[in-house]
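Participant: Quick one, run-v2.cif (mmCIF, C-alpha atoms):
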```cif
data_run
#
loop_
_atom_site.group_PDB
_atom_site.id
_atom_site.type_symbol
_atom_site.label_atom_id
_atom_site.label_comp_id
_atom_site.auth_asym_id
_atom_site.auth_seq_id
_atom_site.Cartn_x
_atom_site.Cartn_y
_atom_site.Cartn_z
ATOM 1 C CA MET A 1 -8.431 -15.808 21.914
ATOM 2 C CA ALA A 2 -11.591 -16.447 19.869
ATOM 3 C CA SER A 3 -13.532 -13.675 21.632
ATOM 4 C CA PHE A 4 -10.608 -11.301 21.123
ATOM 5 C CA ILE A 5 -10.560 -12.042 17.369
ATOM 6 C CA LEU A 6 -14.341 -11.585 17.076
ATOM 7 C CA LYS A 7 -14.190 -8.210 18.830
ATOM 8 C CA ARG A 8 -11.343 -7.036 16.608
ATOM 9 C CA PHE A 9 -13.140 -8.230 13.482
ATOM 10 C CA ALA A 10 -16.299 -6.342 14.492
ATOM 11 C CA ASN A 11 -14.139 -3.267 15.032
ATOM 12 C CA PHE A 12 -12.655 -3.805 11.557
ATOM 13 C CA ILE A 13 -16.122 -3.873 9.939
ATOM 14 C CA VAL A 14 -17.219 -0.672 11.711
ATOM 15 C CA LEU A 15 -14.050 1.182 10.714
ATOM 16 C CA VAL A 16 -14.385 0.089 7.074
ATOM 17 C CA VAL A 17 -17.937 1.483 6.993
ATOM 18 C CA ILE A 18 -16.832 4.784 8.554
ATOM 19 C CA ALA A 19 -13.796 5.174 6.259
ATOM 20 C CA THR A 20 -15.768 4.298 3.132
ATOM 21 C CA THR A 21 -18.625 6.639 4.034
ATOM 22 C CA ALA A 22 -16.240 9.508 4.709
ATOM 23 C CA GLY A 23 -14.392 8.785 1.453
ATOM 24 C CA TYR A 24 -17.561 8.812 -0.635
ATOM 25 C CA LEU A 25 -18.945 11.981 0.951
ATOM 26 C CA LEU A 26 -15.642 13.834 0.533
ATOM 27 C CA ALA A 27 -15.397 12.741 -3.111
ATOM 28 C CA ALA A 28 -19.014 13.687 -3.801
ATOM 29 C CA ILE A 29 -18.542 17.138 -2.259
ATOM 30 C CA ALA A 30 -15.070 17.935 -3.647
ATOM 31 C CA LEU A 31 -15.381 16.540 -7.193
ATOM 32 C CA ASN A 32 -17.602 18.011 -9.892
ATOM 33 C CA PRO A 33 -18.325 15.506 -12.709
ATOM 34 C CA ARG A 34 -20.325 18.178 -14.562
ATOM 35 C CA GLU A 35 -17.042 19.902 -15.477
ATOM 36 C CA ASN A 36 -16.265 17.079 -17.924
ATOM 37 C CA PHE A 37 -19.069 18.318 -20.208
ATOM 38 C CA LEU A 38 -18.764 22.103 -19.834
ATOM 39 C CA GLY A 39 -16.865 24.292 -22.297
ATOM 40 C CA ARG A 40 -17.229 21.901 -25.219
ATOM 41 C CA ASN A 41 -17.758 23.127 -28.732
ATOM 42 C CA PRO A 42 -20.512 22.649 -29.696
ATOM 43 C CA PRO A 43 -21.970 22.959 -26.173
ATOM 44 C CA VAL A 44 -23.598 19.879 -24.648
ATOM 45 C CA PRO A 45 -27.280 20.555 -23.779
ATOM 46 C CA GLU A 46 -28.090 20.766 -20.073
ATOM 47 C CA TYR A 47 -30.655 17.978 -20.261
ATOM 48 C CA SER A 48 -28.073 15.674 -21.899
ATOM 49 C CA ILE A 49 -25.561 16.362 -19.120
ATOM 50 C CA ASN A 50 -28.197 15.668 -16.467
ATOM 51 C CA SER A 51 -29.202 12.458 -18.221
ATOM 52 C CA ILE A 52 -25.613 11.198 -18.327
ATOM 53 C CA LEU A 53 -24.956 12.132 -14.682
ATOM 54 C CA ASP A 54 -28.240 10.568 -13.558
ATOM 55 C CA ASN A 55 -27.296 7.341 -15.321
ATOM 56 C CA VAL A 56 -23.996 7.104 -13.423
ATOM 57 C CA ASN A 57 -25.431 8.435 -10.109
ATOM 58 C CA MET A 58 -23.235 11.559 -10.071
ATOM 59 C CA ASN A 59 -25.708 14.373 -10.648
ATOM 60 C CA ASP A 60 -24.767 17.221 -8.312
ATOM 61 C CA GLN A 61 -28.368 18.433 -8.436
ATOM 62 C CA ASP A 62 -29.426 15.399 -6.397
ATOM 63 C CA PRO A 63 -28.811 15.377 -2.614
ATOM 64 C CA VAL A 64 -25.480 13.848 -1.600
ATOM 65 C CA LEU A 65 -27.055 11.470 0.914
ATOM 66 C CA GLU A 66 -29.491 10.228 -1.715
ATOM 67 C CA ARG A 67 -26.625 9.451 -4.089
ATOM 68 C CA TYR A 68 -24.712 7.828 -1.241
ATOM 69 C CA GLY A 69 -27.687 5.598 -0.417
ATOM 70 C CA THR A 70 -27.922 4.495 -4.069
ATOM 71 C CA TRP A 71 -24.194 3.747 -4.162
ATOM 72 C CA VAL A 72 -24.230 1.798 -0.879
ATOM 73 C CA SER A 73 -27.206 -0.301 -1.959
ATOM 74 C CA GLY A 74 -25.216 -1.282 -5.040
ATOM 75 C CA VAL A 75 -22.051 -2.028 -3.043
ATOM 76 C CA ILE A 76 -24.000 -4.365 -0.753
ATOM 77 C CA LYS A 77 -25.062 -6.282 -3.873
ATOM 78 C CA GLY A 78 -21.493 -6.300 -5.199
ATOM 79 C CA ASP A 79 -22.054 -3.504 -7.743
ATOM 80 C CA LEU A 80 -19.624 -0.553 -7.453
ATOM 81 C CA GLY A 81 -21.547 1.490 -10.019
ATOM 82 C CA LEU A 82 -20.474 3.116 -13.285
ATOM 83 C CA THR A 83 -17.534 5.369 -14.123
ATOM 84 C CA ILE A 84 -18.024 8.864 -15.505
ATOM 85 C CA PHE A 85 -17.675 7.274 -18.959
ATOM 86 C CA SER A 86 -20.566 4.846 -18.199
ATOM 87 C CA GLU A 87 -18.229 1.857 -17.916
ATOM 88 C CA SER A 88 -18.471 -0.766 -15.170
ATOM 89 C CA VAL A 89 -16.374 0.105 -12.101
ATOM 90 C CA ASN A 90 -16.362 -3.620 -11.231
ATOM 91 C CA ASN A 91 -14.617 -4.513 -14.505
ATOM 92 C CA GLU A 92 -12.051 -1.751 -14.066
ATOM 93 C CA PHE A 93 -11.492 -2.849 -10.480
ATOM 94 C CA LYS A 94 -10.920 -6.488 -11.487
ATOM 95 C CA ASN A 95 -8.445 -5.478 -14.185
ATOM 96 C CA ARG A 96 -6.379 -3.280 -11.904
ATOM 97 C CA ILE A 97 -6.455 -4.869 -8.466
ATOM 98 C CA TRP A 98 -4.080 -7.729 -9.307
ATOM 99 C CA VAL A 99 -1.669 -5.302 -10.931
ATOM 100 C CA SER A 100 -1.399 -3.346 -7.679
ATOM 101 C CA PHE A 101 -1.336 -6.447 -5.492
ATOM 102 C CA ARG A 102 1.801 -7.660 -7.223
ATOM 103 C CA LEU A 103 3.633 -4.487 -6.248
ATOM 104 C CA LEU A 104 2.083 -4.097 -2.800
ATOM 105 C CA ILE A 105 2.727 -7.680 -1.715
ATOM 106 C CA LEU A 106 6.332 -7.645 -2.896
ATOM 107 C CA GLY A 107 6.938 -4.170 -1.499
ATOM 108 C CA SER A 108 5.437 -4.930 1.904
ATOM 109 C CA ILE A 109 6.832 -8.427 2.461
ATOM 110 C CA PHE A 110 10.374 -7.843 1.227
ATOM 111 C CA GLY A 111 10.494 -4.372 2.754
ATOM 112 C CA ALA A 112 9.407 -5.688 6.158
ATOM 113 C CA VAL A 113 11.585 -8.820 6.175
ATOM 114 C CA PHE A 114 14.801 -7.119 5.072
ATOM 115 C CA GLY A 115 14.064 -4.037 7.169
ATOM 116 C CA VAL A 116 13.563 -6.050 10.366
ATOM 117 C CA LEU A 117 16.646 -8.152 9.656
ATOM 118 C CA ILE A 118 18.831 -5.092 9.026
ATOM 119 C CA GLY A 119 17.399 -3.386 12.109
ATOM 120 C CA VAL A 120 18.243 -6.344 14.354
ATOM 121 C CA ILE A 121 21.787 -6.637 13.007
ATOM 122 C CA SER A 122 22.280 -2.854 13.318
ATOM 123 C CA ALA A 123 21.219 -2.964 16.969
ATOM 124 C CA VAL A 124 23.521 -5.877 17.762
ATOM 125 C CA ARG A 125 26.389 -4.135 15.927
ATOM 126 C CA GLN A 126 25.597 -0.661 17.233
ATOM 127 C CA TYR A 127 27.911 2.126 15.952
ATOM 128 C CA LYS A 128 29.904 -0.317 13.843
ATOM 129 C CA PHE A 129 30.386 -0.115 10.076
ATOM 130 C CA PHE A 130 27.227 -2.089 9.235
ATOM 131 C CA ASP A 131 25.071 0.052 11.527
ATOM 132 C CA ARG A 132 26.428 3.380 10.299
ATOM 133 C CA THR A 133 26.268 2.418 6.623
ATOM 134 C CA PHE A 134 22.651 1.321 6.696
ATOM 135 C CA GLY A 135 21.745 4.129 9.092
ATOM 136 C CA TYR A 136 22.930 6.872 6.718
ATOM 137 C CA SER A 137 21.456 5.055 3.710
ATOM 138 C CA SER A 138 18.073 4.743 5.428
ATOM 139 C CA TYR A 139 17.906 8.427 6.280
ATOM 140 C CA VAL A 140 18.760 9.355 2.697
ATOM 141 C CA ILE A 141 16.009 7.086 1.335
ATOM 142 C CA LEU A 142 13.439 8.283 3.903
ATOM 143 C CA SER A 143 14.138 11.924 3.023
ATOM 144 C CA THR A 144 13.785 11.263 -0.720
ATOM 145 C CA PRO A 145 10.280 11.342 -2.291
ATOM 146 C CA VAL A 146 9.082 8.066 -3.793
ATOM 147 C CA PHE A 147 8.719 9.540 -7.267
ATOM 148 C CA LEU A 148 12.346 10.754 -7.198
ATOM 149 C CA ILE A 149 13.558 7.294 -6.145
ATOM 150 C CA ALA A 150 11.577 5.809 -9.046
ATOM 151 C CA ILE A 151 13.108 8.255 -11.532
ATOM 152 C CA LEU A 152 16.631 7.590 -10.223
ATOM 153 C CA LEU A 153 16.043 3.848 -10.565
ATOM 154 C CA LYS A 154 14.963 4.343 -14.173
ATOM 155 C CA LEU A 155 18.116 6.339 -14.925
ATOM 156 C CA PHE A 156 20.244 3.681 -13.219
ATOM 157 C CA ALA A 157 18.510 0.917 -15.223
ATOM 158 C CA VAL A 158 19.138 2.736 -18.519
ATOM 159 C CA PHE A 159 22.814 3.093 -17.566
ATOM 160 C CA ILE A 160 23.124 -0.629 -16.722
ATOM 161 C CA ASN A 161 21.321 -1.663 -19.928
ATOM 162 C CA ASP A 162 23.694 0.484 -21.995
ATOM 163 C CA LYS A 163 26.728 -1.034 -20.288
ATOM 164 C CA LEU A 164 25.475 -4.599 -20.752
ATOM 165 C CA GLY A 165 24.419 -4.081 -24.353
ATOM 166 C CA PHE A 166 21.005 -5.662 -23.838
ATOM 167 C CA THR A 167 17.833 -4.913 -21.872
ATOM 168 C CA LEU A 168 18.024 -6.384 -18.383
ATOM 169 C CA PHE A 169 15.678 -3.891 -16.713
ATOM 170 C CA TYR A 170 12.515 -2.596 -18.360
ATOM 171 C CA THR A 171 11.469 0.924 -17.374
ATOM 172 C CA VAL A 172 7.915 1.081 -18.778
ATOM 173 C CA GLY A 173 4.962 -1.303 -18.786
ATOM 174 C CA MET A 174 4.133 -4.632 -17.152
ATOM 175 C CA ASN A 175 5.316 -6.962 -19.935
ATOM 176 C CA THR A 176 6.016 -7.260 -23.649
ATOM 177 C CA PRO A 177 2.658 -8.326 -25.199
ATOM 178 C CA GLU A 178 3.968 -10.424 -28.099
ATOM 179 C CA LEU A 179 5.761 -12.880 -25.781
ATOM 180 C CA THR A 180 4.189 -16.107 -24.510
ATOM 181 C CA GLY A 181 4.944 -18.957 -22.093
ATOM 182 C CA SER A 182 8.116 -18.936 -20.042
ATOM 183 C CA ALA A 183 9.508 -16.014 -22.031
ATOM 184 C CA LEU A 184 6.528 -13.889 -20.970
ATOM 185 C CA PHE A 185 7.007 -14.930 -17.322
ATOM 186 C CA VAL A 186 10.690 -13.935 -17.325
ATOM 187 C CA ASN A 187 9.860 -10.725 -19.160
ATOM 188 C CA SER A 188 7.184 -9.858 -16.568
ATOM 189 C CA LEU A 189 9.716 -10.341 -13.783
ATOM 190 C CA GLN A 190 12.123 -7.995 -15.563
ATOM 191 C CA HIS A 191 9.385 -5.370 -15.794
ATOM 192 C CA MET A 192 8.548 -5.860 -12.106
ATOM 193 C CA ILE A 193 12.049 -5.318 -10.700
ATOM 194 C CA LEU A 194 12.211 -1.512 -10.790
ATOM 195 C CA PRO A 195 8.726 -0.586 -9.513
ATOM 196 C CA SER A 196 8.982 -3.236 -6.776
ATOM 197 C CA LEU A 197 12.419 -1.975 -5.792
ATOM 198 C CA ALA A 198 11.089 1.590 -5.539
ATOM 199 C CA LEU A 199 8.618 0.428 -2.882
ATOM 200 C CA ILE A 200 10.941 -2.074 -1.178
ATOM 201 C CA LEU A 201 13.681 0.502 -0.558
ATOM 202 C CA GLY A 202 11.303 2.758 1.344
ATOM 203 C CA GLY A 203 10.028 -0.179 3.395
ATOM 204 C CA VAL A 204 13.529 -1.375 4.278
ATOM 205 C CA ALA A 205 14.582 2.119 5.369
ATOM 206 C CA PHE A 206 11.424 2.608 7.465
ATOM 207 C CA TYR A 207 11.384 -0.772 9.203
ATOM 208 C CA SER A 208 15.124 -0.955 9.818
ATOM 209 C CA ARG A 209 15.168 2.307 11.800
ATOM 210 C CA TRP A 210 12.199 1.355 13.981
ATOM 211 C CA GLN A 211 13.422 -2.201 14.516
ATOM 212 C CA ARG A 212 16.888 -0.999 15.484
ATOM 213 C CA ASN A 213 15.509 1.323 18.165
ATOM 214 C CA SER A 214 13.109 -1.318 19.444
ATOM 215 C CA MET A 215 15.876 -3.903 19.584
ATOM 216 C CA LEU A 216 18.226 -1.558 21.459
ATOM 217 C CA ASP A 217 15.586 -1.134 24.176
ATOM 218 C CA VAL A 218 15.264 -4.909 24.509
ATOM 219 C CA LEU A 219 19.027 -5.524 24.602
ATOM 220 C CA GLY A 220 19.265 -3.518 27.817
ATOM 221 C CA SER A 221 16.163 -5.039 29.437
ATOM 222 C CA ASP A 222 16.068 -7.038 32.659
ATOM 223 C CA HIS A 223 14.422 -10.117 31.163
ATOM 224 C CA LEU A 224 17.245 -10.524 28.643
ATOM 225 C CA ARG A 225 19.884 -10.307 31.371
ATOM 226 C CA THR A 226 17.877 -12.854 33.365
ATOM 227 C CA ALA A 227 17.865 -15.212 30.379
ATOM 228 C CA ARG A 228 21.651 -14.905 30.108
ATOM 229 C CA ALA A 229 21.989 -15.524 33.846
ATOM 230 C CA LYS A 230 20.001 -18.763 33.502
ATOM 231 C CA GLY A 231 22.627 -20.118 31.122
ATOM 232 C CA LEU A 232 21.508 -19.115 27.645
ATOM 233 C CA ASN A 233 24.218 -17.804 25.375
ATOM 234 C CA LYS A 234 23.864 -14.391 23.724
ATOM 235 C CA ARG A 235 22.447 -15.771 20.466
ATOM 236 C CA GLN A 236 19.843 -17.955 22.209
ATOM 237 C CA ALA A 237 18.728 -15.156 24.529
ATOM 238 C CA LEU A 238 18.532 -12.707 21.646
ATOM 239 C CA PHE A 239 16.371 -14.815 19.347
ATOM 240 C CA LYS A 240 14.317 -16.722 21.938
ATOM 241 C CA HIS A 241 13.480 -13.825 24.268
ATOM 242 C CA GLY A 242 14.715 -10.550 22.785
ATOM 243 C CA LEU A 243 13.451 -10.634 19.206
ATOM 244 C CA ARG A 244 9.963 -11.783 20.182
ATOM 245 C CA VAL A 245 9.497 -8.679 22.340
ATOM 246 C CA ALA A 246 11.266 -6.274 19.968
ATOM 247 C CA ILE A 247 9.193 -7.320 16.961
ATOM 248 C CA LEU A 248 5.828 -6.608 18.638
ATOM 249 C CA PRO A 249 5.704 -2.886 17.744
ATOM 250 C CA MET A 250 6.659 -3.706 14.160
ATOM 251 C CA ALA A 251 3.464 -5.723 13.660
ATOM 252 C CA THR A 252 1.423 -2.548 14.144
ATOM 253 C CA PHE A 253 3.772 -0.461 12.018
ATOM 254 C CA PHE A 254 3.560 -3.073 9.273
ATOM 255 C CA ALA A 255 -0.227 -2.763 9.175
ATOM 256 C CA TYR A 256 -0.544 0.982 9.079
ATOM 257 C CA SER A 257 2.446 1.621 6.843
ATOM 258 C CA PHE A 258 0.266 -0.001 4.161
ATOM 259 C CA GLY A 259 -1.362 3.393 3.717
ATOM 260 C CA LEU A 260 2.008 4.969 2.925
ATOM 261 C CA LEU A 261 2.828 2.076 0.613
ATOM 262 C CA ILE A 262 -0.392 2.567 -1.357
ATOM 263 C CA ALA A 263 0.349 6.283 -1.712
ATOM 264 C CA GLY A 264 3.838 5.454 -2.952
ATOM 265 C CA ALA A 265 2.422 2.875 -5.358
ATOM 266 C CA ALA A 266 0.301 5.577 -7.004
ATOM 267 C CA PHE A 267 3.413 7.514 -8.060
ATOM 268 C CA THR A 268 5.329 4.345 -8.869
ATOM 269 C CA GLU A 269 2.610 2.997 -11.171
ATOM 270 C CA GLN A 270 2.349 6.341 -12.934
ATOM 271 C CA ILE A 271 6.093 6.626 -13.543
ATOM 272 C CA PHE A 272 6.630 3.024 -14.656
ATOM 273 C CA GLY A 273 3.453 2.789 -16.759
ATOM 274 C CA TRP A 274 1.656 0.215 -14.610
ATOM 275 C CA TYR A 275 -2.126 0.396 -14.872
ATOM 276 C CA GLY A 276 -2.990 -0.414 -11.270
ATOM 277 C CA MET A 277 -5.131 1.089 -8.537
ATOM 278 C CA GLY A 278 -2.788 4.024 -7.923
ATOM 279 C CA GLU A 279 -2.741 5.132 -11.555
ATOM 280 C CA TRP A 280 -6.511 4.651 -11.690
ATOM 281 C CA PHE A 281 -6.963 6.857 -8.615
ATOM 282 C CA ILE A 282 -4.991 9.720 -10.176
ATOM 283 C CA ARG A 283 -6.989 9.454 -13.394
ATOM 284 C CA ALA A 284 -10.292 9.236 -11.482
ATOM 285 C CA VAL A 285 -9.544 12.435 -9.552
ATOM 286 C CA ASN A 286 -8.553 14.243 -12.748
ATOM 287 C CA THR A 287 -11.836 13.241 -14.413
ATOM 288 C CA ASN A 288 -13.987 13.910 -11.294
ATOM 289 C CA ASP A 289 -15.068 10.268 -11.268
ATOM 290 C CA ILE A 290 -16.779 9.949 -7.874
ATOM 291 C CA ASN A 291 -17.677 6.253 -8.134
ATOM 292 C CA SER A 292 -14.159 5.216 -9.123
ATOM 293 C CA VAL A 293 -12.592 7.279 -6.329
ATOM 294 C CA SER A 294 -15.046 5.748 -3.834
ATOM 295 C CA ALA A 295 -14.232 2.227 -5.030
ATOM 296 C CA ILE A 296 -10.514 2.884 -4.561
ATOM 297 C CA VAL A 297 -11.145 4.340 -1.081
ATOM 298 C CA LEU A 298 -13.101 1.182 -0.237
ATOM 299 C CA PHE A 299 -10.230 -0.978 -1.475
ATOM 300 C CA THR A 300 -7.671 1.039 0.514
ATOM 301 C CA ALA A 301 -9.783 1.012 3.685
ATOM 302 C CA VAL A 302 -10.296 -2.755 3.546
ATOM 303 C CA LEU A 303 -6.618 -3.382 2.817
ATOM 304 C CA VAL A 304 -5.199 -1.108 5.528
ATOM 305 C CA LEU A 305 -7.735 -1.977 8.217
ATOM 306 C CA PHE A 306 -7.557 -5.714 7.520
ATOM 307 C CA ALA A 307 -3.787 -5.477 7.845
ATOM 308 C CA GLY A 308 -4.392 -3.743 11.181
ATOM 309 C CA PHE A 309 -6.732 -6.544 12.223
ATOM 310 C CA LEU A 310 -4.100 -9.166 11.376
ATOM 311 C CA ALA A 311 -1.491 -7.141 13.264
ATOM 312 C CA ASP A 312 -3.698 -7.100 16.370
ATOM 313 C CA VAL A 313 -4.140 -10.868 16.150
ATOM 314 C CA LEU A 314 -0.394 -11.357 15.702
ATOM 315 C CA VAL A 315 0.416 -9.139 18.686
ATOM 316 C CA ALA A 316 -2.135 -11.025 20.800
ATOM 317 C CA ALA A 317 -0.577 -14.338 19.759
ATOM 318 C CA LEU A 318 2.931 -13.140 20.673
ATOM 319 C CA ASP A 319 1.942 -11.332 23.857
ATOM 320 C CA PRO A 320 -0.749 -13.062 26.015
ATOM 321 C CA ARG A 321 -1.165 -9.901 28.120
ATOM 322 C CA VAL A 322 -2.895 -8.183 25.206
ATOM 323 C CA ARG A 323 -5.720 -10.720 24.847
ATOM 324 C CA ILE A 324 -6.081 -11.070 28.636
ATOM 325 C CA ARG A 325 -6.712 -7.339 28.944
#
```
Write the structure described by the file as structure tokens, please.

Facilitator:
Amino acid sequence: MASFILKRFANFIVLVVIATTAGYLLAAIALNPRENFLGRNPPVPEYSINSILDNVNMNDQDPVLERYGTWVSGVIKGDLGLTIFSESVNNEFKNRIWVSFRLLILGSIFGAVFGVLIGVISAVRQYKFFDRTFGYSSYVILSTPVFLIAILLKLFAVFINDKLGFTLFYTVGMNTPELTGSALFVNSLQHMILPSLALILGGVAFYSRWQRNSMLDVLGSDHLRTARAKGLNKRQALFKHGLRVAILPMATFFAYSFGLLIAGAAFTEQIFGWYGMGEWFIRAVNTNDINSVSAIVLFTAVLVLFAGFLADVLVAALDPRVRIR
């Protein structure tokens, strides 16, 4: 098992390097930071523009590989460079990463847990009311863009608040600044409900459909019938032998659905006024901020690929055949 983990971790490191390199080169080629200074009145002198871009390592007159080498040497030392506005990318990163983690962790964990649970129950109760209800609901959610779900949740929250006569759900921001102590904690939770729910609903719909199909395959398998023949009742056979096999594919889906979750978080943060990594990415692209975009790509690559690494370890732990091969 130890050699398997070491090989997977080495694979994780290589993939992070490849993804980050590709992300930086694409950003450096596609984005043009010089546009931020063109068309101003009065015009900004060319030498001033070059001086600013040289200072932040974004001068398009320098070779891309040379700029990439400068950026990588800084990353190795823990320095992600400067933004187009000559501010520290590290400081911006620290301020925003925990904002996004709150949404991503809640969205991924609750989405996966409830999705798997609903999928298992739907498979066991195939074609019954529970299965059909959640089946239709899942397809509706999956066919609805994340930003539309977020907007509908905001409208629903406003309706509920009006009916209650007080604010139960907050539709903008992460908290109310003037509050302190326990009041601030409760207020933060109220602000977190809607954006988290926007991500959780998509996760539940996604996982429940895959888990249902996976569970249906296991319910008709030979090893489950053998377990029943040996004397186990349906519940024991289902949870002791069936669920362990059916949940294996979900470990991989959980890892790589992180990419979709991060994309959804970008829209969610923008709509609900959360200043996290997603909102930062949209702003960085709009301002042609190569270093900020590259830092976000690095963050996304590490997050998604590390989740994939953990999924591989989990699958190997549940299925010995994987690590033996």

Participant: Provide an axis-aligned box for all listed atoms of segment 301-313 of chain A, padding each side by 5 Å; report its centre and its edge lengths in Å to one decimal, as JSON.

Facilitator:
```
{"center_x": -5.9, "center_y": -4.9, "center_z": 9.6, "size_x": 18.8, "size_y": 21.9, "size_z": 23.6}
```

Participant: So, counting only C-alpha atoms, which residue among A:Val44, A:Ala229, A:Leu104, A:Ala28 is closest to Trp71 of chain A?

Facilitator: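 Closest residue, counting only C-alpha atoms: A:Ala28.
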
Participant: Could you tell me, as a VMD selection string, exactly which residues end up selected when the PyMOL selection byres ((chain A and resi 53) around 12) is applied to this structure?

Facilitator: chain A and resid 32 to 37 46 to 52 54 to 62 67 82 to 86 288 to 291

Participant: Just the number, please: distance in Å from atom CA of Leu155 of chain A to atom CA of Leu184 of chain A, one decimal.

Facilitator: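 Straight-line distance from atom CA of Leu155 of chain A to atom CA of Leu184 of chain A works out to 24.1 Å.
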
Participant: Check what the PyMOL selection byres ((chain A and resi 295-310) around 6) selects in the file above and give those residues as a PyMOL selection string.

Facilitator: chain A and resi 16+20+255+258+292-294+311-313
